[in-house]
Amino acid sequence: MLTGPSGFLGSHLLDRLLQVDGMAIHAVSRTGTGRAHDRLTWHRGDLLDPSMAGRLMAEARPTHLLHNAWFAVPGRFWSDPANLTWLQASIALMAAFAESGGRQFVGVGTCAEYDWSGSKPYAEDTTPIRPATLYGKCKAACWAAAQAFEAAGTFRAAWGRVFLPYGEGDTQGRLLPSLVAELQAGRPMLLGDGSLERDFIYAPDAADLLVRMLISEASGAFNVASGEATALAVAIEHIAGRLGRNDLLRFGARPTPVSEPAKLVADPAKVRGTLQWRPHMPLLRGLDTVLQSSLQGEQ
């Protein structure tokens, strides 16, 4: 069962799940509709309805649950009280999954769970969990709840701390879609400090890793990231160069929030060692792929 199949990362998760032979997939969304496939069953359900989790589990009885649904409105999700509502709904979902005999849970977490004050790459089992935002706090609490279910002997639990995903279908309002829209419109792009380093991961690669965690029945927290630090200016200037609009970039036109870490990059050692996984798509080639797809979609 996949929750949140209609959003940005969720659509890539659904793509990847459909590539797994022999897996019957149950997708849960508010509309209960989506692409057709002979191994895919859609369920209409609002996970914020307190009775919905039990009904879904009784109807589908999934052995594996990939929980991706959460409040994710750009610019609002960091501090919106909806995070608390989604935490509560997620715990109810896990409880219903355990009650129905579920075997493997994978939750989609965030790099915002980590303490961002350090300078070293963030490692799953050694970097302190000290989130600075409500979003990060609620995600960390959700993982703690999943660990409690596992400790009680109900199901195995794994957690993917996603860093900075990008790709086709990215949500408007996020950095890269906003950049393309502004430059194509001929408007200056007001930016902060381009020297900040970030760990970008191509969304299909992120989906591939999360699904690997699911079908391998992994346990524990894992970074969903490339493990490579890239200055924001490198990614931004690459896209602007492809569009021939480097003249519209205005670095330093916006102040960088004091809460923003200078370097936000994952330690990939655990994922590589435990899951034998590496990303397939290099950043600049991935950006070219996304930009080409975006331009073709406008024609």
# chains A, B, ... in the order shown; residues from 1 in each chain; ligands from 1
$ residues_around --residues "Ser6 of chain A" --least-positions-apart "3" --cutoff "8 Å" --atoms "only C-alpha atoms" --output "list in words"
Gly10, Ser11, Ser29 and Gly34 of chain A
$ write_last_selection --atoms "all heavy atoms" --output "tab-separated table (two decimals), in the first residue's frame"
chain	number	residue	atom	x	y	z
A	10	GLY	N	5.50	11.00	-4.65
A	10	GLY	CA	4.58	9.87	-4.69
A	10	GLY	C	4.38	9.31	-6.09
A	10	GLY	O	4.26	8.09	-6.27
A	11	SER	N	4.33	10.17	-7.10
A	11	SER	CA	4.14	9.69	-8.46
A	11	SER	C	5.34	8.86	-8.92
A	11	SER	O	5.18	7.86	-9.64
A	11	SER	CB	3.91	10.86	-9.41
A	11	SER	OG	5.05	11.71	-9.48
A	29	SER	N	-5.63	7.73	-2.21
A	29	SER	CA	-5.66	9.17	-2.45
A	29	SER	C	-7.05	9.70	-2.15
A	29	SER	O	-8.00	8.93	-2.00
A	29	SER	CB	-5.30	9.48	-3.91
A	29	SER	OG	-6.35	9.11	-4.78
A	34	GLY	N	-6.65	7.39	-10.68
A	34	GLY	CA	-5.31	7.60	-11.20
A	34	GLY	C	-5.08	6.69	-12.38
A	34	GLY	O	-6.03	6.18	-12.98
$ select_by_dssp --residues "segment 141-277 of chain A" --states "alpha helix (DSSP H)" --output "number ranges by chain"
A: 141-151, 175-184, 203-215, 232-243, 269-274
$ closest_residue --among "A:Glu182, A:Asp46, A:Asp247, A:Glu260" --to "Arg198 of chain A" --atoms "only C-alpha atoms"
A:Glu260
$ residues_around --residues "Gly118 of chain A" --least-positions-apart "5" --cutoff "10 Å" --atoms "only C-alpha atoms" --output "short mmCIF file (atom, residue, chain, number, x, y, z; two decimals) with N, CA and C atoms, in the first residue's frame"
data_model
loop_
_atom_site.label_atom_id
_atom_site.label_comp_id
_atom_site.auth_asym_id
_atom_site.auth_seq_id
_atom_site.Cartn_x
_atom_site.Cartn_y
_atom_site.Cartn_z
N THR A 127 24.73 11.31 13.78
CA THR A 127 24.37 12.72 13.82
C THR A 127 23.17 12.91 14.74
N PRO A 128 23.23 13.85 15.67
CA PRO A 128 22.10 14.05 16.58
C PRO A 128 20.80 14.39 15.84
N PRO A 261 21.74 25.97 7.04
CA PRO A 261 23.12 25.50 7.21
C PRO A 261 23.93 25.78 5.95
N ALA A 262 25.23 26.03 6.13
CA ALA A 262 26.09 26.28 4.98
C ALA A 262 26.23 25.04 4.12
N LYS A 263 26.17 23.87 4.77
CA LYS A 263 26.36 22.62 4.04
C LYS A 263 25.37 21.59 4.54
N LEU A 264 24.57 21.05 3.64
CA LEU A 264 23.56 20.05 3.99
C LEU A 264 23.75 18.88 3.06
#
$ select_by_dssp --residues "segment 88-177 of chain A" --states "strand (DSSP E or B)" --output "list in words"
Gln104, Phe105, Val106, Gly107, Val108, Gly109, Thr110, Tyr114, Tyr122, Ile129, Arg156, Ala157, Ala158, Trp159, Gly160, Arg161, Val162, Leu164, Pro165, Tyr166, Gln172 and Arg174 of chain A
$ atom_distance --atom1 "atom CA of Gln147 of chain A" --atom2 "atom CA of Trp159 of chain A"
9.3 Å
$ atom_distance --atom1 "atom CA of Tyr166 of chain A" --atom2 "atom CA of Trp277 of chain A"
18.6 Å
$ closest_residue --among "A:Gly169, A:Gly186, A:Gly153, A:Pro81" --to "Leu134 of chain A" --atoms "only C-alpha atoms"
A:Pro81
$ closest_residue --among "A:Leu56, A:Ala181, A:Leu232, A:Ala132" --to "Leu196 of chain A" --atoms "only C-alpha atoms"
A:Leu232
$ closest_residue --among "A:Gly173, A:Gly102, A:Gly227, A:Gly7" --to "Pro74 of chain A" --atoms "only C-alpha atoms"
A:Gly173
$ closest_residue --among "A:Leu190, A:Ala218, A:Ala269, A:Leu248" --to "Leu175 of chain A" --atoms "only C-alpha atoms"
A:Leu190
$ residues_around --residues "Arg16 of chain A" --least-positions-apart "4" --cutoff "9 Å" --atoms "only C-alpha atoms" --output "list in words"
Ser11, His12, Val20, Pro204, Ala207, Asp208 and Val211 of chain A
$ closest_residue --among "A:Leu283, A:Leu13, A:Leu214, A:Ala60" --to "Glu228 of chain A" --atoms "only C-alpha atoms"
A:Leu283
$ atom_distance --atom1 "atom CA of Trp116 of chain A" --atom2 "atom CA of Ala225 of chain A"
15.9 Å
$ residues_around --residues "Gly241 of chain A" --least-positions-apart "3" --cutoff "12 Å" --atoms "only C-alpha atoms" --output "MDAnalysis selection string"
chainID A and resid 179:180 183:184 233:238 244:249 284 287:288 291
$ write_last_selection --atoms "C-alpha atoms" --output "JSON list (two decimals), in the first residue's frame"
[["chain", "number", "residue", "atom", "x", "y", "z"],
["A", 179, "LEU", "CA", 13.65, 29.27, -11.38],
["A", 180, "VAL", "CA", 12.58, 27.90, -14.76],
["A", 183, "LEU", "CA", 13.67, 32.86, -16.38],
["A", 184, "GLN", "CA", 11.32, 31.79, -19.15],
["A", 233, "ALA", "CA", 24.90, 28.46, -7.65],
["A", 234, "VAL", "CA", 26.17, 25.50, -9.71],
["A", 235, "ALA", "CA", 22.69, 24.03, -10.19],
["A", 236, "ILE", "CA", 21.06, 27.42, -10.73],
["A", 237, "GLU", "CA", 23.65, 28.66, -13.22],
["A", 238, "HIS", "CA", 23.49, 25.37, -15.13],
["A", 244, "GLY", "CA", 20.44, 31.45, -22.08],
["A", 245, "ARG", "CA", 19.35, 33.67, -19.18],
["A", 246, "ASN", "CA", 22.29, 33.91, -16.77],
["A", 247, "ASP", "CA", 21.81, 37.68, -17.02],
["A", 248, "LEU", "CA", 18.61, 37.38, -14.94],
["A", 249, "LEU", "CA", 20.25, 35.78, -11.90],
["A", 284, "LEU", "CA", 23.77, 18.04, -14.19],
["A", 287, "LEU", "CA", 18.80, 18.77, -14.51],
["A", 288, "ASP", "CA", 19.07, 18.60, -18.30],
["A", 291, "LEU", "CA", 14.47, 20.87, -18.19]]
$ residues_around --residues "Gly22 of chain A" --least-positions-apart "2" --cutoff "12 Å" --atoms "only C-alpha atoms" --output "list in words"
Leu17, Leu18, Gln19, Val20, Ala24, Ile25, Asp38, Arg39, Leu40 and Ile215 of chain A
$ residues_around --residues "Glu217 of chain A" --least-positions-apart "2" --cutoff "9 Å" --atoms "only C-alpha atoms" --output "compact mmCIF listing (two decimals) with all heavy atoms, in the first residue's frame"
# COMPACT_ATOMS: atom_id res chain seq x y z
N HIS A 64 2.90 -4.87 3.13
CA HIS A 64 3.93 -3.84 3.10
C HIS A 64 3.26 -2.48 2.95
O HIS A 64 2.33 -2.33 2.14
CB HIS A 64 4.89 -4.06 1.93
CG HIS A 64 5.72 -5.30 2.04
ND1 HIS A 64 5.16 -6.56 2.10
CD2 HIS A 64 7.06 -5.47 2.11
CE1 HIS A 64 6.13 -7.46 2.19
NE2 HIS A 64 7.29 -6.82 2.20
N ARG A 103 3.56 -6.46 7.74
CA ARG A 103 4.89 -7.01 7.98
C ARG A 103 6.03 -6.00 7.87
O ARG A 103 6.99 -6.05 8.61
CB ARG A 103 5.13 -8.16 6.99
CG ARG A 103 6.30 -9.03 7.32
CD ARG A 103 6.31 -10.28 6.48
NE ARG A 103 6.77 -10.03 5.12
CZ ARG A 103 6.27 -10.60 4.03
NH1 ARG A 103 5.24 -11.42 4.12
NH2 ARG A 103 6.76 -10.33 2.83
N GLN A 104 5.93 -5.07 6.89
CA GLN A 104 7.02 -4.14 6.64
C GLN A 104 6.49 -2.73 6.43
O GLN A 104 5.64 -2.50 5.57
CB GLN A 104 7.84 -4.56 5.42
CG GLN A 104 8.92 -3.58 5.01
CD GLN A 104 10.09 -3.52 5.98
OE1 GLN A 104 10.35 -4.51 6.68
NE2 GLN A 104 10.79 -2.41 6.05
N PHE A 105 7.00 -1.78 7.22
CA PHE A 105 6.63 -0.37 7.11
C PHE A 105 7.85 0.42 6.66
O PHE A 105 8.95 0.24 7.19
CB PHE A 105 6.15 0.16 8.46
CG PHE A 105 5.95 1.66 8.50
CD1 PHE A 105 4.76 2.22 8.06
CD2 PHE A 105 6.95 2.50 8.96
CE1 PHE A 105 4.57 3.61 8.08
CE2 PHE A 105 6.78 3.88 8.99
CZ PHE A 105 5.59 4.43 8.55
N VAL A 106 7.65 1.30 5.69
CA VAL A 106 8.68 2.27 5.30
C VAL A 106 8.03 3.65 5.30
O VAL A 106 6.99 3.86 4.66
CB VAL A 106 9.27 1.97 3.91
CG1 VAL A 106 10.22 3.10 3.48
CG2 VAL A 106 10.02 0.64 3.92
N ARG A 156 8.37 -4.79 10.99
CA ARG A 156 9.69 -4.21 10.78
C ARG A 156 9.50 -2.80 10.24
O ARG A 156 8.56 -2.54 9.47
CB ARG A 156 10.53 -5.04 9.80
CG ARG A 156 11.00 -6.36 10.38
CD ARG A 156 11.74 -7.18 9.36
NE ARG A 156 12.99 -6.55 8.94
CZ ARG A 156 14.14 -6.69 9.61
NH1 ARG A 156 14.19 -7.39 10.73
NH2 ARG A 156 15.24 -6.12 9.16
N ALA A 157 10.38 -1.89 10.64
CA ALA A 157 10.22 -0.49 10.25
C ALA A 157 11.52 0.08 9.70
O ALA A 157 12.60 -0.14 10.26
CB ALA A 157 9.75 0.34 11.45
N ALA A 158 11.40 0.81 8.60
CA ALA A 158 12.53 1.54 8.02
C ALA A 158 12.07 2.96 7.71
O ALA A 158 10.88 3.23 7.56
CB ALA A 158 13.02 0.84 6.75
N ARG A 212 13.43 -0.09 -2.64
CA ARG A 212 14.38 -1.13 -2.24
C ARG A 212 14.28 -1.39 -0.74
O ARG A 212 14.34 -2.54 -0.30
CB ARG A 212 15.81 -0.73 -2.61
CG ARG A 212 16.85 -1.76 -2.17
CD ARG A 212 18.23 -1.46 -2.67
NE ARG A 212 18.32 -1.52 -4.12
CZ ARG A 212 19.44 -1.77 -4.80
NH1 ARG A 212 20.56 -2.00 -4.13
NH2 ARG A 212 19.45 -1.78 -6.10
N MET A 213 14.14 -0.34 0.05
CA MET A 213 13.97 -0.51 1.49
C MET A 213 12.72 -1.32 1.79
O MET A 213 12.70 -2.14 2.71
CB MET A 213 13.89 0.87 2.16
CG MET A 213 15.20 1.65 2.13
SD MET A 213 14.97 3.43 2.45
CE MET A 213 14.17 3.39 4.05
N LEU A 214 11.68 -1.11 0.99
CA LEU A 214 10.40 -1.79 1.21
C LEU A 214 10.50 -3.28 0.90
O LEU A 214 10.16 -4.13 1.73
CB LEU A 214 9.32 -1.14 0.35
CG LEU A 214 7.90 -1.63 0.55
CD1 LEU A 214 7.31 -1.08 1.84
CD2 LEU A 214 7.02 -1.23 -0.65
N ILE A 215 10.98 -3.61 -0.30
CA ILE A 215 10.95 -5.01 -0.72
C ILE A 215 12.07 -5.83 -0.09
O ILE A 215 11.95 -7.05 0.00
CB ILE A 215 10.99 -5.13 -2.26
CG1 ILE A 215 12.27 -4.54 -2.83
CG2 ILE A 215 9.77 -4.46 -2.87
CD1 ILE A 215 12.36 -4.65 -4.35
N SER A 219 15.47 -2.52 7.99
CA SER A 219 15.12 -1.97 9.30
C SER A 219 16.09 -0.84 9.62
O SER A 219 17.29 -0.94 9.34
CB SER A 219 15.21 -3.06 10.38
OG SER A 219 14.95 -2.52 11.66
$ decode --residues "segment 31-47 of chain A" --atoms "N, CA, C and O atoms" --output "compact mmCIF listing (two decimals), in the first residue's frame"
# COMPACT_ATOMS: atom_id res chain seq x y z
N THR A 31 -8.99 11.32 -4.12
CA THR A 31 -9.90 11.14 -5.25
C THR A 31 -10.16 9.67 -5.54
O THR A 31 -11.21 9.32 -6.09
N GLY A 32 -9.21 8.82 -5.19
CA GLY A 32 -9.36 7.39 -5.46
C GLY A 32 -9.26 7.05 -6.93
O GLY A 32 -9.70 5.97 -7.36
N THR A 33 -8.65 7.92 -7.72
CA THR A 33 -8.48 7.67 -9.15
C THR A 33 -7.06 7.98 -9.57
O THR A 33 -6.35 8.75 -8.93
N GLY A 34 -6.65 7.39 -10.68
CA GLY A 34 -5.31 7.60 -11.20
C GLY A 34 -5.08 6.69 -12.38
O GLY A 34 -6.03 6.18 -12.98
N ARG A 35 -3.84 6.49 -12.73
CA ARG A 35 -3.52 5.67 -13.89
C ARG A 35 -4.04 4.25 -13.71
O ARG A 35 -4.17 3.76 -12.59
N ALA A 36 -4.32 3.62 -14.82
CA ALA A 36 -4.84 2.25 -14.79
C ALA A 36 -3.71 1.25 -14.98
O ALA A 36 -2.80 1.47 -15.79
N HIS A 37 -3.76 0.17 -14.23
CA HIS A 37 -2.78 -0.91 -14.36
C HIS A 37 -3.41 -2.16 -13.76
O HIS A 37 -4.16 -2.08 -12.77
N ASP A 38 -3.10 -3.31 -14.36
CA ASP A 38 -3.77 -4.54 -13.91
C ASP A 38 -3.34 -4.98 -12.51
O ASP A 38 -4.01 -5.81 -11.90
N ARG A 39 -2.24 -4.43 -11.99
CA ARG A 39 -1.82 -4.78 -10.63
C ARG A 39 -2.05 -3.65 -9.64
O ARG A 39 -1.55 -3.68 -8.51
N LEU A 40 -2.79 -2.64 -10.06
CA LEU A 40 -2.99 -1.45 -9.23
C LEU A 40 -4.45 -1.25 -8.89
O LEU A 40 -5.31 -1.21 -9.77
N THR A 41 -4.74 -1.13 -7.59
CA THR A 41 -6.09 -0.85 -7.10
C THR A 41 -6.08 0.49 -6.38
O THR A 41 -5.25 0.72 -5.49
N TRP A 42 -7.00 1.37 -6.76
CA TRP A 42 -7.09 2.68 -6.14
C TRP A 42 -8.12 2.66 -5.01
O TRP A 42 -9.18 2.03 -5.14
N HIS A 43 -7.82 3.36 -3.93
CA HIS A 43 -8.73 3.50 -2.80
C HIS A 43 -8.95 4.98 -2.54
O HIS A 43 -7.99 5.75 -2.44
N ARG A 44 -10.20 5.36 -2.42
CA ARG A 44 -10.52 6.74 -2.08
C ARG A 44 -10.58 6.86 -0.57
O ARG A 44 -11.35 6.17 0.10
N GLY A 45 -9.75 7.75 -0.03
CA GLY A 45 -9.74 7.88 1.42
C GLY A 45 -8.96 9.08 1.89
O GLY A 45 -7.92 9.42 1.33
N ASP A 46 -9.48 9.75 2.89
CA ASP A 46 -8.80 10.88 3.54
C ASP A 46 -8.17 10.35 4.81
O ASP A 46 -8.87 10.00 5.77
N LEU A 47 -6.85 10.27 4.85
CA LEU A 47 -6.16 9.70 6.00
C LEU A 47 -6.34 10.53 7.26
O LEU A 47 -6.03 10.06 8.35
